[in-house]
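Presented below is the structure to which this report refers.
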Amino acid sequence: MVTSNFEYFAPTSVDEATSLLSKYRGEAKVLAGGHSLIPMMKLRLAEPGILVDIGQIEGLSYVRKEEDGVAIGSMTTYREMATSSVIQSNYPLLADASARVADLQVRNRGTIGGSLAHSDPAGDIPAVVLAIGGSVVARTRRSKREINIDRFQVDLLTTALRDNEIITEIKLPGLASGTGTAYSKFHQPASHYAITGVAAVITISGETCTDARIAVTGAGDKATRARRTERILKGKELTPPVIRRAASRAAAEIGDALNEDIHASAEYREHLTRIHAGYAIDQAVAAAG
Amino acid sequence: MAVATFGESVKRTEDPRLITGRGKYVDDVRLTGMAHLAFVRSTYGHANIKSIKTSAARNAPGVIAVFTGADLQEELGGLPVGWMLPDLKQPPHPPLAYETVRYLGDAVAVIVADSAYQANDAVELVEVDYEVLPAVVNGEEATKDGAPQLHEEAPNNIGFDWEVGGGDYAEAIKDPDVIVVKERIVNQRLIPNSMETRGVVADYDVGKGNITLYTSTQIPHLVKLLFSLVTGWPEQKVRVIAPDVGGGFGSKLYLYAEEVVAGIVARQVKRPVKWIESRSEAYVSTAHGRDHICDAEIAGKKDGEIIGIKVDLYANLGAYLSTFAPLIPTYLFGLMLGGVYKMPNIDCKVHGVFTNTTPVDAYRGAGRPEAAYLVERMVSRFAQEIGRDPIVVRRKNMLQAHKNGREVTTGVMYDSGDYKGNLNKALEIFDYKQFRADQRAARRDGKLLGVGIATYIEICGMAPSAVASSLGAGAGLWESSNVRVHPTGKATIYIGTSPHGQGHETTMAQLVSSELGIPIEDIEVLHGDTDQGQFGTGTFGSRSLAVGGAALFNSLQKVKAKTHRLASHLLEADPKFVTFSNGTFAVEDIADKTLTIQEVAGQAYAAANLPDGMEPGLEEVSFFDPQNFAWPNGTHICVVEIEQDTGKVEVQRYVAVDDFGNVLNPMIVDGMTHGGVAQGIGQALSEQAVYTDDGQLLSGSLMDYALPSADMFPMMELDRTVSPSPSNPIGVKGAGEAGTIAASPAVMNAVVDALAHLGVKHMDMPATSEKVWRAIQDAKEAQRAARATARAAK
């Protein structure tokens, strides 16, 4: 498997990288960990003329506790997230999902920023970050903006990121006390991507669910909030019948856009999404208690 | 290290080299002036080539030449078939297609360029104008009236109709007490994934007219012979080298188009050329395995006595006949339909069918996994039908133990085995009674547990040349060895089989060490270079030790005889009183009269004091052709748990008790069993090649072709029984394929057992989560409907 010809840049600063993106706008592709882009290039499904490797830029790999949450540098690897005590204690589902992405080699190289920017319809991280909430910090040569995660995933392999922007940071909000989280995934046997993955972040006060963010990956063309499920959960005591009813609506937003392939029919995917929504909610509730 | 013994778990001496990246594979061959090849391959399953425009590619940077199939039609000839059957249709198989492409990946042109990048860039510049034709990918559909036709020579796409049998099945089932159970059994197509893909470097010596092919193959000597036959290149001017080879599983057991094209193109451009197969290419251009659609019947009586089996098989051959394609679904399948049972009546018909798919040939086990799967599935199916325990039914029908040959219904002679003894040992380890109690308890808790048992016997140690030849083999199946003990007492041996993961360098050296008492690190094992040794047939059919090892053993006996005579002469003792052990010759009862084999070897070369008539030097050659195949057998037991909610199958326990005859290196044999079982579990649970009706491959990469991964396996519990094979002087049978043969029926029997109480009787492989989930839904639905009917009746 041999890629087609491309020009390679390895900038050492964000300024230099964003300048290159502006200069070669439309032609250039950002290379982060390389575990999505390079396989596509080797299959010649992607043939970018210019590759801007941001792996040489220092200071993009960190997990930092902030006053109102946690900031994660865009080049932080799955492995770093899986083993970070800050992430383990603040967002157990992110640590858990990061530990279960693909295999160790991929986890050592693949990054949170790369995963979000690539927006694979079956990626784990987009759903997990969507359930946590927060924003993506994007920079161009001249500007910097924060994109709310709810508006970040736009379509299949498409995000709100412009082609002269680089993700530098992911800002996650602090979770209220009484919040439990979980990520439950059924993996495709060959690629180990999610046939369906459900991330749940649930806050319970007394006996009542005061907040719930549920996100689904793998089932449709992008990571999606299961808002109907959230609505059923919110304001209620989460008894098993309530959870069952909520979980049964987990694929409702995806509707007719359910994926179908040789590994799972749309019907089976929908079923798995409901089942794993139930698992994720159960676990999040248990963790909240 | 020291002198190794037979039966010792010597660590693999090749491993430090191979696992630290110091192996030398085809891609490590870099020659001065070497150019690179890339193939233009069909993007359709079936199409006529209207025209090929190559001018843009020819003018691309770095491109040296572009050849189409039409350009090289004369030079390339056609790829050969190495196994004949009566009335076998042999349509031409051009290495580069020139009129019609018949499967996705069929090569139509080759680019020669300075770099692999330039060659691959130029592939995209070749414009092939295709007239797309209707395609057929299913082996049964292809034989029906109106199906697209692949070859003029093969009406209805039938390459051969073949049958085998024994007894009289039709007559036997006329007995009114006989129950006949029918099932359609599909053995899905698999795609081999050796760690190293194929590759070839062709080095043409312009001055001498010689060609050297470095190729990733299991059969360097046969590649040399077949290359020479196909191209007309004089055999003495062809050298084939199989360097380190990273796996094959049967898929590197043929002469491939790319090997022939590389040789011819190297001569055309007068430069060495290299082609390394990409993984994507491997999915379409390297032979696939299995792909059977079969109507099966098993017949027996209420008490569990089985009276026969009937099989009508559509075996998908793919678009052309690969080298050994006619052998796999015929002899290697049909002869095995008795299993380890008396099975007095066998009726087997096989239709070999051409389809618009990658050619199908041997894949680990080759015919025997398909047979064992069918027999073991049907025996369990029969037991379920008559309401008896599958183990009781098996035991009732098993052959008696025998040590030296037992002819069975298909006419072949099993060598040795104690089938019931083997079964009993497996059951002891497993504790079957306890499991059934656990299973009942689990069902009460809503858990789905199942046990699957599979016995097997397989034909390996592929040899008796006369027998093989009478059945259609195009080459002898013996092996040879050459043992050279150097003046310092160190040794170099040459063997005709070469490893692609099996550990020959260790096991063969271990055999030398145990026989001659030379430390294992003093022994160099050469293989895979046709200029270094005489002919050898190759590594397949679990034959390297049973045939090649036996040839080596015989050479070692000659070395021992010569050194014994020379030592006796030097010790001035009657040979009768000279003993040899652990590398030392001694005279009985005289403590200080000894000579080491190293000292004797030195004297053989010094030649100063040889017995009358003895030639100097110490080198021996043997050729070995056994009288019978070797027949490993065994019992595998598997436990699965099925997740009710999702249908996901988890293998919880795996017990394998195999009879491999004598075992030279138990650690290596355990490793082969682990790998074989893993591959069998892969077929049972996840692997499948999926084509669309028009011949596109949906499972065309590792992203969609589900190889099993380590988290799918429990720790395997391995044990053995030992019935030495009378087929060779070291009593070994062969262990390379057994795990694969037994594992898929063991797993599938367990899956069906877990669902049997819901009314499930059979499921085709792979037992994917969705398939199992649907079976559970359907069974529950059927139960609900039955209850409703019952209520209505009341």
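In the structure tokens, chains take letters A, B, ... by order of appearance, with residues numbered from 1 within each chain and ligands from 1 in the order shown.
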
Query - Interface residues on chain B facing chain A, 9 Å, only C-alpha atoms, written as number ranges by chain - result: B: 116-118, 120-121, 277-281, 645-646, 686-687, 690, 698-699, 702-709, 768-770, 773-774

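Proximity to Gly133 (chain A) at 10 Å, evaluated using only C-alpha atoms and with sequence-adjacent residues fewer than 6 positions away removed, yields Ala127, Asn148, Ile149, Asp150, Lys171, Leu172, Pro173, Gly174, Leu175, Val201 and Arg213 of chain A.
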
Query raised in the report: Pick from A:Ile38, A:Leu238, A:Ile132, A:Ala200: nearest to Val106 (chain A), with only C-alpha atoms counted?
Result: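 Between A:Ile38, A:Leu238, A:Ile132, A:Ala200, the residue approaching Val106 (chain A) most closely is A:Ile38.
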
**Report entry** Sel. of strand (DSSP E or B) residues, region 516-691 of chain B, as a VMD selection string
**Finding:** chain B and resid 523 to 527 529 578 to 581 584 to 587 590 to 596 619 to 624 630 633 to 642 649 to 659 661 691

Requested in this report: Could you jot down the CA of Leu130 (chain A) to CA of Ala46 (chain A) separation for me, Å, one decimal place?
Outcome: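 Those two atoms sit 26.7 Å apart.
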
Report task. Excluding Ile681 (chain B) and any residue of its chain fewer than 2 positions from it, enumerate the residues within 10 Å of it, using only C-alpha atoms, and give them as a PyMOL selection string. Result -> chain B and resi 651+675-679+683-687+707-708+712-713+739-740+742-748+766

Excluding same-chain residues fewer than 3 positions from Arg274 (chain A), what lies within 8 Å of it counting only C-alpha atoms, as a compact mmCIF listing (two decimals) with all heavy atoms, in the first residue's frame?
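part-v5.txt, written as the output of this step:
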# COMPACT_ATOMS: atom_id res chain seq x y z
N ALA A 247 -34.02 4.19 27.51
CA ALA A 247 -33.04 3.51 26.64
C ALA A 247 -33.69 3.12 25.32
O ALA A 247 -33.05 3.15 24.26
CB ALA A 247 -32.48 2.28 27.35
N SER A 248 -34.95 2.78 25.36
CA SER A 248 -35.62 2.32 24.14
C SER A 248 -35.73 3.43 23.11
O SER A 248 -35.99 3.19 21.94
CB SER A 248 -36.99 1.74 24.46
OG SER A 248 -37.90 2.80 24.72
N ARG A 249 -35.53 4.69 23.55
CA ARG A 249 -35.60 5.81 22.60
C ARG A 249 -34.21 6.30 22.16
O ARG A 249 -34.10 7.33 21.50
CB ARG A 249 -36.35 6.99 23.26
CG ARG A 249 -37.73 6.63 23.78
CD ARG A 249 -38.70 6.27 22.66
NE ARG A 249 -39.11 7.44 21.89
CZ ARG A 249 -39.46 7.42 20.62
NH1 ARG A 249 -39.45 6.28 19.95
NH2 ARG A 249 -39.83 8.52 20.01
N ALA A 250 -33.18 5.54 22.51
CA ALA A 250 -31.81 6.04 22.30
C ALA A 250 -31.46 6.25 20.83
O ALA A 250 -30.62 7.08 20.50
CB ALA A 250 -30.80 5.11 22.95
N ALA A 251 -32.10 5.49 19.93
CA ALA A 251 -31.77 5.67 18.51
C ALA A 251 -32.80 6.53 17.80
O ALA A 251 -32.76 6.66 16.58
CB ALA A 251 -31.66 4.30 17.84
N GLU A 270 -30.04 -0.76 15.86
CA GLU A 270 -30.99 -0.04 16.71
C GLU A 270 -31.19 -0.80 18.02
O GLU A 270 -31.17 -0.21 19.11
CB GLU A 270 -32.32 0.13 15.97
CG GLU A 270 -33.32 0.92 16.79
CD GLU A 270 -34.59 1.24 16.02
OE1 GLU A 270 -34.91 0.50 15.07
OE2 GLU A 270 -35.24 2.23 16.37
N HIS A 271 -31.34 -2.12 17.88
CA HIS A 271 -31.51 -2.94 19.08
C HIS A 271 -30.29 -2.80 20.01
O HIS A 271 -30.43 -2.58 21.22
CB HIS A 271 -31.69 -4.41 18.66
CG HIS A 271 -31.57 -5.37 19.80
ND1 HIS A 271 -32.55 -5.54 20.75
CD2 HIS A 271 -30.54 -6.18 20.17
CE1 HIS A 271 -32.14 -6.43 21.65
NE2 HIS A 271 -30.93 -6.83 21.32
N ALA A 277 -27.55 1.62 25.57
CA ALA A 277 -28.02 2.82 26.29
C ALA A 277 -28.46 2.40 27.69
O ALA A 277 -28.15 3.07 28.69
CB ALA A 277 -29.18 3.47 25.53
N GLY A 278 -29.16 1.29 27.78
CA GLY A 278 -29.57 0.78 29.09
C GLY A 278 -28.37 0.48 29.97
O GLY A 278 -28.33 0.89 31.15

Report task. Skip Tyr279 (chain A) itself and residues of its chain fewer than 2 positions away, then list as a list in words all residues within 10 Å of it, counting only C-alpha atoms. Result -> Ala182, Tyr183, Ser184, Lys185, Val198, Ala199, Ala200, Ile243, Arg244, Ala247, Thr273, Arg274, Ile275, His276, Ala277, Ile281, Asp282, Gln283, Ala284 and Val285 of chain A

Report task. Would you kindly return, as a list in words, each protein, DNA or RNA residue with an atom no farther than 7 Å from any atom of region 117-119 of chain A, considering only C-alpha atoms and excluding same-chain residues fewer than 6 positions away? Result -> Pro126, Gln153, Leu157, Thr158 and Thr159 of chain A

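Proximity to Thr197 (chain B) at 9 Å, evaluated using only C-alpha atoms and with sequence-adjacent residues fewer than 4 positions away removed, yields Asn193, Ser216, Gly246, Gly247, Gly248, Ile276, Glu277, Ser278, Arg279, Ala282 and Thr286 of chain B.
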
Can I get the selection written as a short mmCIF file (atom, residue, chain, number, x, y, z; two decimals), in the first residue's frame, with N, CA, C and O atoms?
data_model
loop_
_atom_site.label_atom_id
_atom_site.label_comp_id
_atom_site.auth_asym_id
_atom_site.auth_seq_id
_atom_site.Cartn_x
_atom_site.Cartn_y
_atom_site.Cartn_z
N ASN B 193 -4.70 -14.62 5.78
CA ASN B 193 -3.99 -13.38 6.13
C ASN B 193 -2.65 -13.73 6.75
O ASN B 193 -2.50 -13.67 7.97
N SER B 216 8.13 -15.45 -1.75
CA SER B 216 7.56 -15.84 -0.47
C SER B 216 6.64 -17.03 -0.71
O SER B 216 5.47 -16.87 -1.01
N GLY B 246 6.96 -15.29 6.06
CA GLY B 246 6.13 -14.93 7.21
C GLY B 246 4.72 -15.45 7.12
O GLY B 246 3.77 -14.69 7.01
N GLY B 247 4.57 -16.74 7.16
CA GLY B 247 3.23 -17.33 7.17
C GLY B 247 2.74 -17.64 5.78
O GLY B 247 3.23 -17.10 4.78
N GLY B 248 1.77 -18.54 5.72
CA GLY B 248 1.23 -18.93 4.43
C GLY B 248 -0.13 -19.58 4.57
O GLY B 248 -1.06 -19.23 3.88
N ILE B 276 6.00 -6.37 -4.27
CA ILE B 276 5.54 -6.72 -2.93
C ILE B 276 4.04 -6.47 -2.89
O ILE B 276 3.58 -5.36 -3.16
N GLU B 277 3.32 -7.51 -2.54
CA GLU B 277 1.86 -7.44 -2.52
C GLU B 277 1.40 -6.55 -1.36
O GLU B 277 1.87 -6.71 -0.23
N SER B 278 0.48 -5.64 -1.64
CA SER B 278 -0.11 -4.87 -0.54
C SER B 278 -1.18 -5.73 0.12
O SER B 278 -1.65 -6.71 -0.45
N ARG B 279 -1.57 -5.34 1.33
CA ARG B 279 -2.60 -6.13 2.02
C ARG B 279 -3.92 -6.09 1.22
O ARG B 279 -4.60 -7.09 1.09
N ALA B 282 -3.65 -8.47 -1.50
CA ALA B 282 -3.69 -9.85 -1.02
C ALA B 282 -5.13 -10.34 -0.90
O ALA B 282 -5.42 -11.51 -1.14
N THR B 286 -4.57 -13.27 -3.77
CA THR B 286 -4.05 -14.50 -3.17
C THR B 286 -5.22 -15.46 -2.95
O THR B 286 -6.30 -15.03 -2.55
#

Query raised in the report: Would you give me, as a VMD selection string, the residues in region 67-287 of chain A that DSSP reads as alpha helix (DSSP H)?
Result: chain A and resid 78 to 83 85 to 90 92 to 99 104 to 109 112 to 118 124 to 132 227 to 233 240 to 247 266 to 287

Requested in this report: Can you work out the spacing between CA of Ala95 (chain A) and CA of Thr229 (chain A) in Å, to one decimal?
Outcome: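 About the pair CA of Ala95 (chain A) and CA of Thr229 (chain A): they are 23.7 Å apart.
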